[in-house]
file coords08.txt (compact mmCIF, C-alpha atoms and all ligand atoms)
# COMPACT_ATOMS: atom_id res chain seq x y z
CA MET A 21 90.51 118.33 94.18
CA GLY A 22 87.34 120.28 93.87
CA THR A 23 86.12 123.30 95.72
CA GLN A 24 82.84 123.35 97.68
CA SER A 25 80.01 122.42 95.35
CA ASP A 26 76.31 121.59 95.50
CA ILE A 27 76.90 118.13 94.11
CA LYS A 28 75.88 115.48 96.65
CA LEU A 29 78.27 112.55 96.65
CA ILE A 30 76.69 110.50 99.47
CA ASN A 31 72.92 109.83 99.54
CA GLU A 32 70.53 109.50 102.50
CA GLU A 33 71.28 105.79 102.81
CA GLY A 34 74.97 106.54 103.13
CA LEU A 35 75.79 105.18 99.67
CA ARG A 36 78.05 106.89 97.15
CA ASN A 37 77.10 107.92 93.62
CA ASP A 38 78.21 104.55 92.22
CA GLY A 39 76.40 102.59 94.95
CA ARG A 40 79.47 101.84 97.07
CA LYS A 41 79.70 101.95 100.85
CA PHE A 42 82.31 104.23 102.43
CA ASN A 43 84.83 101.38 102.76
CA GLU A 44 84.24 99.69 99.42
CA LEU A 45 86.75 99.50 96.58
CA ARG A 46 85.86 99.73 92.92
CA PRO A 47 86.14 96.37 91.07
CA ILE A 48 89.76 95.40 90.38
CA ARG A 49 91.00 92.90 87.79
CA ILE A 50 94.66 92.08 87.21
CA GLU A 51 96.16 90.06 84.37
CA VAL A 52 99.81 88.98 84.18
CA GLY A 53 102.11 88.41 81.21
CA VAL A 54 100.06 90.26 78.62
CA LEU A 55 103.00 91.43 76.47
CA ASN A 56 105.35 89.01 74.68
CA ARG A 57 108.35 91.30 74.21
CA ALA A 58 108.69 92.67 77.74
CA ASP A 59 110.54 90.75 80.47
CA GLY A 60 107.48 91.15 82.65
CA SER A 61 104.08 92.72 82.17
CA ALA A 62 100.68 93.26 83.74
CA TYR A 63 97.36 94.86 82.94
CA ILE A 64 95.02 96.27 85.55
CA GLU A 65 91.45 97.46 85.45
CA TRP A 66 90.53 99.36 88.58
CA GLY A 67 87.07 100.88 88.31
CA GLY A 68 87.24 102.91 85.10
CA ASN A 69 91.06 102.92 85.05
CA LYS A 70 92.84 100.76 82.49
CA VAL A 71 96.62 100.59 82.85
CA LEU A 72 99.25 98.51 81.10
CA VAL A 73 102.73 97.95 82.57
CA ALA A 74 105.86 96.58 80.87
CA VAL A 75 109.10 95.81 82.73
CA TYR A 76 112.54 95.49 81.16
CA GLY A 77 115.66 94.48 83.04
CA PRO A 78 117.71 94.34 85.07
CA ARG A 79 119.87 95.44 82.11
CA GLU A 80 123.05 97.51 81.87
CA ALA A 81 122.13 101.08 82.76
CA PHE A 82 122.64 103.50 79.91
CA PRO A 83 124.04 106.18 79.63
CA LYS A 84 126.89 104.85 81.77
CA HIS A 85 127.02 107.84 84.12
CA THR A 86 123.59 106.83 85.44
CA GLN A 87 124.99 103.50 86.71
CA ASN A 88 125.22 102.96 90.44
CA PRO A 89 128.11 100.58 91.30
CA SER A 90 126.30 99.22 94.34
CA ARG A 91 122.73 98.74 93.15
CA ALA A 92 120.18 98.81 90.35
CA ILE A 93 118.29 101.98 89.57
CA ILE A 94 114.57 101.84 89.00
CA ASN A 95 113.20 104.00 86.23
CA ALA A 96 109.45 104.11 86.29
CA ARG A 97 107.88 106.11 83.49
CA TYR A 98 104.22 106.99 83.96
CA ASN A 99 102.48 108.08 80.80
CA MET A 100 98.89 109.01 80.07
CA ALA A 101 97.62 108.26 76.57
CA ALA A 102 96.16 111.25 74.75
CA PHE A 103 92.79 109.44 74.63
CA SER A 104 92.77 108.35 78.30
CA VAL A 105 90.96 111.41 79.64
CA ASP A 106 87.87 113.45 78.68
CA GLU A 107 89.80 116.33 77.23
CA ARG A 108 92.59 115.11 74.92
CA LYS A 109 95.85 115.09 76.84
CA ARG A 110 98.79 116.65 75.08
CA PRO A 111 101.24 113.77 74.41
CA GLY A 112 104.57 113.70 76.20
CA PRO A 113 105.69 114.15 79.79
CA ASP A 114 104.31 117.05 81.81
CA ARG A 115 105.11 118.05 85.39
CA ARG A 116 102.46 115.73 86.80
CA ALA A 117 103.80 112.69 84.90
CA ILE A 118 107.37 113.48 85.98
CA GLU A 119 106.28 113.72 89.61
CA ILE A 120 104.26 110.48 89.46
CA SER A 121 107.16 108.65 87.75
CA LYS A 122 109.48 109.78 90.53
CA VAL A 123 107.24 108.76 93.45
CA ILE A 124 106.49 105.38 91.85
CA SER A 125 110.22 104.72 91.22
CA GLU A 126 111.00 105.56 94.84
CA ALA A 127 108.21 103.34 96.17
CA LEU A 128 109.35 100.34 94.10
CA GLU A 129 112.99 100.90 95.05
CA VAL A 130 112.18 100.12 98.70
CA ALA A 131 110.72 96.74 97.78
CA VAL A 132 113.17 95.49 95.14
CA PHE A 133 116.49 93.93 96.23
CA THR A 134 118.36 96.43 94.07
CA GLU A 135 121.75 95.62 95.64
CA GLN A 136 121.68 92.28 93.80
CA PHE A 137 122.01 94.02 90.43
CA PRO A 138 124.72 96.72 90.52
CA ARG A 139 125.17 98.98 87.49
CA THR A 140 121.82 97.99 86.00
CA SER A 141 118.51 99.67 85.43
CA ILE A 142 115.08 98.20 85.79
CA ASP A 143 112.72 100.07 83.48
CA VAL A 144 109.03 100.14 84.29
CA TYR A 145 106.72 101.60 81.64
CA ILE A 146 103.28 102.50 82.97
CA GLU A 147 100.80 103.36 80.25
CA VAL A 148 97.44 104.74 81.32
CA LEU A 149 94.95 103.86 78.59
CA GLN A 150 91.87 105.07 80.42
CA ALA A 151 91.85 107.28 83.51
CA ASP A 152 89.16 107.57 86.16
CA ALA A 153 91.06 108.83 89.26
CA GLY A 154 93.60 106.76 91.13
CA THR A 155 95.82 105.96 88.15
CA ARG A 156 99.10 106.31 90.09
CA ILE A 157 98.12 103.67 92.63
CA ALA A 158 96.60 101.40 89.97
CA GLY A 159 99.84 101.74 87.95
CA LEU A 160 102.01 101.06 90.99
CA THR A 161 99.96 98.00 91.98
CA ALA A 162 100.28 96.57 88.46
CA ALA A 163 103.98 97.51 88.28
CA SER A 164 104.75 95.30 91.32
CA VAL A 165 103.05 92.36 89.62
CA ALA A 166 104.96 93.00 86.38
CA LEU A 167 108.26 93.06 88.34
CA VAL A 168 107.48 89.63 89.77
CA ASP A 169 106.56 88.44 86.28
CA ALA A 170 110.03 89.62 85.16
CA GLY A 171 111.56 87.46 87.92
CA ILE A 172 112.90 90.41 89.92
CA PRO A 173 113.39 89.59 93.62
CA MET A 174 111.47 91.75 96.09
CA LYS A 175 110.66 91.87 99.81
CA ASP A 176 107.01 91.80 98.88
CA MET A 177 104.81 93.39 96.26
CA VAL A 178 103.96 97.06 96.76
CA VAL A 179 100.23 97.70 97.01
CA GLY A 180 98.72 101.06 96.16
CA CYS A 181 95.43 102.35 97.50
CA ALA A 182 93.77 105.71 98.10
CA ALA A 183 91.24 107.14 100.49
CA GLY A 184 89.67 110.57 100.42
CA LYS A 185 87.03 112.86 101.84
CA ILE A 186 83.68 113.52 100.20
CA ASP A 187 80.70 115.35 101.73
CA GLY A 188 82.83 115.65 104.88
CA LYS A 189 83.22 111.86 105.24
CA VAL A 190 86.35 109.74 104.85
CA VAL A 191 85.85 107.09 102.15
CA LEU A 192 87.96 104.54 100.31
CA ASP A 193 89.07 104.75 96.67
CA LEU A 194 87.65 107.92 95.07
CA ASN A 195 86.25 107.73 91.56
CA LYS A 196 86.56 110.61 89.09
CA GLU A 197 83.44 112.51 90.20
CA GLU A 198 84.43 112.14 93.86
CA ASP A 199 87.96 113.27 93.03
CA ASN A 200 86.61 116.32 91.20
CA PHE A 201 84.04 117.39 93.79
CA GLY A 202 85.43 115.94 97.02
CA GLN A 203 87.55 117.71 99.63
CA ALA A 204 90.64 115.53 99.87
CA ASP A 205 92.49 112.58 98.34
CA LEU A 206 95.27 110.55 99.93
CA PRO A 207 97.02 108.11 97.61
CA MET A 208 99.37 105.78 99.43
CA ALA A 209 101.30 102.56 98.94
CA ILE A 210 102.49 99.99 101.42
CA ILE A 211 104.60 96.87 101.58
CA PRO A 212 102.22 94.54 103.44
CA ARG A 213 104.92 92.18 104.75
CA THR A 214 106.83 94.94 106.55
CA ASP A 215 103.96 97.42 106.95
CA GLU A 216 106.19 100.15 105.45
CA ILE A 217 104.45 103.11 103.83
CA VAL A 218 106.39 103.77 100.64
CA LEU A 219 104.20 106.43 99.05
CA LEU A 220 102.02 109.01 100.74
CA GLN A 221 100.67 112.08 99.01
CA MET A 222 97.85 114.40 99.91
CA ASP A 223 95.62 116.64 97.86
CA GLY A 224 93.21 118.78 99.92
CA ASN A 225 92.85 118.88 103.68
CA PHE A 226 92.23 116.31 106.42
CA SER A 227 92.10 116.77 110.16
CA ARG A 228 94.50 114.56 112.11
CA GLU A 229 91.71 112.07 112.94
CA GLU A 230 90.52 111.98 109.33
CA LEU A 231 94.04 111.35 108.13
CA GLU A 232 94.36 108.40 110.50
CA GLN A 233 91.00 107.03 109.33
CA ALA A 234 92.06 107.37 105.68
CA VAL A 235 95.35 105.55 106.27
CA GLU A 236 93.51 102.81 108.17
CA LEU A 237 90.95 102.33 105.36
CA SER A 238 93.71 102.02 102.75
CA LYS A 239 95.75 99.65 104.90
CA LYS A 240 92.78 97.30 105.31
CA ALA A 241 92.08 97.39 101.59
CA ALA A 242 95.75 96.69 100.84
CA THR A 243 95.47 93.17 102.27
CA TYR A 244 92.65 92.42 99.83
CA ILE A 245 94.51 93.98 96.86
CA SER A 246 97.67 92.08 97.77
CA ASN A 247 95.68 88.83 97.45
CA LEU A 248 94.42 89.88 94.04
CA GLN A 249 98.05 90.44 92.94
CA ARG A 250 98.98 86.93 94.10
CA GLU A 251 95.93 85.33 92.49
CA ALA A 252 96.75 87.02 89.17
CA LEU A 253 100.30 85.64 89.27
CA MET A 254 99.09 82.17 90.22
CA ALA A 255 96.57 82.23 87.37
CA LYS A 256 99.34 82.86 84.85
CA TYR A 257 101.63 80.13 86.14
CA LYS A 258 98.78 77.62 86.52
CA SER A 259 97.77 78.20 82.92
CA GLN A 260 101.35 77.37 81.86
CA GLU A 261 101.59 74.09 83.82
CA PRO A 262 101.56 71.04 81.57
CA GLU A 263 98.36 69.07 81.99
CA LYS A 264 98.72 65.92 84.05
CA GLU A 265 97.83 62.49 82.62
CA GLY A 266 94.10 61.90 83.10
CA GLU A 267 93.26 65.63 83.39
CA ARG A 268 93.38 66.23 79.67
CA SER A 269 90.09 67.35 78.22
CA GLU A 270 88.94 65.42 75.17
O1 LIG B 301 95.11 109.52 88.60
P1 LIG B 301 95.56 109.99 89.96
O2 LIG B 301 94.40 110.08 90.93
O3 LIG B 301 96.71 109.20 90.48
O4 LIG B 301 96.14 111.47 89.77
P2 LIG B 301 95.43 112.90 89.85
O5 LIG B 301 96.45 113.90 89.39
O6 LIG B 301 94.80 113.09 91.18
O7 LIG B 301 94.32 112.83 88.73
C1 LIG B 301 93.02 112.40 88.99
C2 LIG B 301 92.29 112.14 87.71
O8 LIG B 301 92.15 113.35 86.99
C3 LIG B 301 92.99 111.21 86.74
O9 LIG B 301 92.89 109.85 87.08
C4 LIG B 301 92.28 111.55 85.46
O10 LIG B 301 91.04 110.89 85.41
C5 LIG B 301 92.04 113.05 85.59
N1 LIG B 301 93.03 113.82 84.81
C6 LIG B 301 92.62 114.40 83.63
O11 LIG B 301 91.45 114.29 83.27
N2 LIG B 301 93.53 115.07 82.84
C7 LIG B 301 94.82 115.19 83.21
N3 LIG B 301 95.69 115.85 82.44
C8 LIG B 301 95.24 114.61 84.41
C9 LIG B 301 94.31 113.94 85.19
call {"tool": "encode", "arguments": {"input": "coords08.txt", "output": "structure tokens"}}
result
Amino acid sequence: MGTQSDIKLINEEGLRNDGRKFNELRPIRIEVGVLNRADGSAYIEWGGNKVLVAVYGPREAFPKHTQNPSRAIINARYNMAAFSVDERKRPGPDRRAIEISKVISEALEVAVFTEQFPRTSIDVYIEVLQADAGTRIAGLTAASVALVDAGIPMKDMVVGCAAGKIDGKVVLDLNKEEDNFGQADLPMAIIPRTDEIVLLQMDGNFSREELEQAVELSKKAATYISNLQREALMAKYKSQEPEKEGERSE
């Protein structure tokens, strides 16, 4: 999160540097079943973010001492490709990736019926190919879809979204420039069906009112993103349906 700067992020008409209104998301596109060898997979483009997710499992947890006799463990591994950011990222896990992997695993664990698969692990590989701020929530949103694609039962899909503060105003879904020069960022994730907040982090400072506004903006957006997740899944399964007699194109 940036410090005070002279860079103006909202113009006189109240529009942001990429033309969005305060409550507008960047374009989001989700594709399901993009990898043949994974049990489930998804690809998401969210603004300039490009993230690929592969799910394996439930499979016997290994090494054995990691097994939980009463439920499955969820191992999310968030990784940023060296070429995903402006300045080459040193390959391998760093503190940030370890933290993001942990919070994503914990968020997914609330949604998945883990007690149905004792002693197993569900491995979720999140590969950020291009980063433009908001990669953890883009990865988490795609991970939920990939879990469904793998046939893993869940309460509902987890939806990630973020709101932040730029030029003193609370806005939805910060892009990279806004993340760099804004005053605060609040990534969160919810389970729409139960309204549970399963991830909430904060970078920078909000007043109490601003925090409430930010949560409200993300919650509203989550309904829309949740529909995109469903549509992406439907698109995959529709494309696999055998064509009915009479519908066949010549
Ligand atoms: O991506 P997210 O917003 O979840 O996490 P962040 O730690 O707030 O990072 C914000 C953005 O900073 C990322 O999306 C990347 O675009 C950028 N970044 C970077 O350029 N180099 C890094 N080593 C880490 C992040």
call {"tool": "closest_residue", "arguments": {"input": "coords08.txt", "among": "A:Asp176, A:Asp26, A:Glu126, A:Glu147", "to": "Tyr98 (chain A)", "atoms": "only C-alpha atoms"}}
result
A:Glu147
call {"tool": "closest_atom_pairs", "arguments": {"input": "coords08.txt", "of": "chain A", "to": "ligand LIG 301 (chain B)", "cutoff": "6 Å", "atoms": "all atoms listed in the file", "output": "Markdown table"}}
result
| residue | atom | partner | partner_atom | distance |
| --- | --- | --- | --- | --- |
| A:Val105 | CA | B:LIG301 | O11 | 4.7 |
| A:Asp106 | CA | B:LIG301 | O11 | 5.9 |
| A:Lys109 | CA | B:LIG301 | N3 | 5.7 |
| A:Ala151 | CA | B:LIG301 | O10 | 4.2 |
| A:Asp152 | CA | B:LIG301 | O10 | 3.9 |
| A:Ala153 | CA | B:LIG301 | O9 | 3.0 |
| A:Gly154 | CA | B:LIG301 | O2 | 3.4 |
| A:Thr155 | CA | B:LIG301 | O1 | 3.7 |
| A:Arg156 | CA | B:LIG301 | O3 | 3.8 |
| A:Lys196 | CA | B:LIG301 | O10 | 5.8 |
call {"tool": "write_last_selection", "arguments": {"input": "coords08.txt", "atoms": "C-alpha atoms", "output": "PDB file, keeping the file's coordinate frame"}}
result
ATOM      1  CA  VAL A 105      90.960 111.410  79.640  1.00  0.00           C
ATOM      2  CA  ASP A 106      87.870 113.450  78.680  1.00  0.00           C
ATOM      3  CA  LYS A 109      95.850 115.090  76.840  1.00  0.00           C
ATOM      4  CA  ALA A 151      91.850 107.280  83.510  1.00  0.00           C
ATOM      5  CA  ASP A 152      89.160 107.570  86.160  1.00  0.00           C
ATOM      6  CA  ALA A 153      91.060 108.830  89.260  1.00  0.00           C
ATOM      7  CA  GLY A 154      93.600 106.760  91.130  1.00  0.00           C
ATOM      8  CA  THR A 155      95.820 105.960  88.150  1.00  0.00           C
ATOM      9  CA  ARG A 156      99.100 106.310  90.090  1.00  0.00           C
ATOM     10  CA  LYS A 196      86.560 110.610  89.090  1.00  0.00           C
TER      11      LYS A 196
END
call {"tool": "residues_near_point", "arguments": {"input": "coords08.txt", "point": "(96.4, 110.7, 73.6)", "cutoff": "12 Å", "atoms": "all atoms listed in the file", "output": "PyMOL selection string"}}
result
chain A and resi 99-113+147-151
call {"tool": "atom_distance", "arguments": {"input": "coords08.txt", "atom1": "CA of Ser164 (chain A)", "atom2": "CA of Ile118 (chain A)"}}
result
19.1 Å
call {"tool": "closest_residue", "arguments": {"input": "coords08.txt", "among": "A:Ile186, A:Ile172, A:Val165, A:Cys181", "to": "Ile94 (chain A)", "atoms": "all atoms listed in the file"}}
result
A:Ile172
call {"tool": "closest_residue", "arguments": {"input": "coords08.txt", "among": "A:Leu192, A:Ile142, A:Leu35, A:Leu206", "to": "Gly171 (chain A)", "atoms": "only C-alpha atoms"}}
result
A:Ile142
call {"tool": "atom_distance", "arguments": {"input": "coords08.txt", "atom1": "CA of Pro262 (chain A)", "atom2": "CA of Ala74 (chain A)"}}
result
25.9 Å
call {"tool": "closest_residue", "arguments": {"input": "coords08.txt", "among": "A:Asn95, A:Asn56, A:Thr140, A:Ser121", "to": "Gly159 (chain A)", "atoms": "all atoms listed in the file"}}
result
A:Ser121
call {"tool": "atom_distance", "arguments": {"input": "coords08.txt", "atom1": "CA of Phe226 (chain A)", "atom2": "CA of Ala183 (chain A)"}}
result
11.0 Å
call {"tool": "closest_residue", "arguments": {"input": "coords08.txt", "among": "A:Gly34, A:Pro83, A:Gly202, A:Pro212", "to": "Val178 (chain A)", "atoms": "only C-alpha atoms"}}
result
A:Pro212
call {"tool": "closest_residue", "arguments": {"input": "coords08.txt", "among": "A:Ala58, A:Ala117, A:Ile157, A:Leu45", "to": "Ala170 (chain A)", "atoms": "only C-alpha atoms"}}
result
A:Ala58
call {"tool": "closest_atom_pairs", "arguments": {"input": "coords08.txt", "of": "region 58-117 of chain A", "to": "region 136-139 of chain A", "cutoff": "8 Å", "atoms": "only C-alpha atoms", "output": "tab-separated table"}}
result
residue	atom	partner	partner_atom	distance
A:Pro78	CA	A:Phe137	CA	6.9
A:Glu80	CA	A:Arg139	CA	6.2
A:Ala81	CA	A:Arg139	CA	6.0
A:Gln87	CA	A:Arg139	CA	4.6
A:Asn88	CA	A:Arg139	CA	5.0
A:Pro89	CA	A:Arg139	CA	5.1
A:Ser90	CA	A:Pro138	CA	4.8
A:Arg91	CA	A:Pro138	CA	3.9
A:Ala92	CA	A:Pro138	CA	5.0
A:Ile93	CA	A:Arg139	CA	7.8
call {"tool": "residues_around", "arguments": {"input": "coords08.txt", "residues": "region 217-219 of chain A", "least_positions_apart": "6", "cutoff": "6 Å", "atoms": "only C-alpha atoms", "output": "ChimeraX atom specification"}}
result
/A:127,208-210
call {"tool": "write_last_selection", "arguments": {"input": "coords08.txt", "atoms": "C-alpha atoms", "output": "PDB file, in the frame of the given file"}}
result
ATOM      1  CA  ALA A 127     108.210 103.340  96.170  1.00  0.00           C
ATOM      2  CA  MET A 208      99.370 105.780  99.430  1.00  0.00           C
ATOM      3  CA  ALA A 209     101.300 102.560  98.940  1.00  0.00           C
ATOM      4  CA  ILE A 210     102.490  99.990 101.420  1.00  0.00           C
TER       5      ILE A 210
END
call {"tool": "axis_aligned_box", "arguments": {"input": "coords08.txt", "around": "region 27-46 of chain A", "padding_each_side": "3 Å", "output": "AutoDock Vina command-line options"}}
result
--center_x 78.6 --center_y 108.8 --center_z 97.7 --size_x 22.2 --size_y 24.6 --size_z 16.9
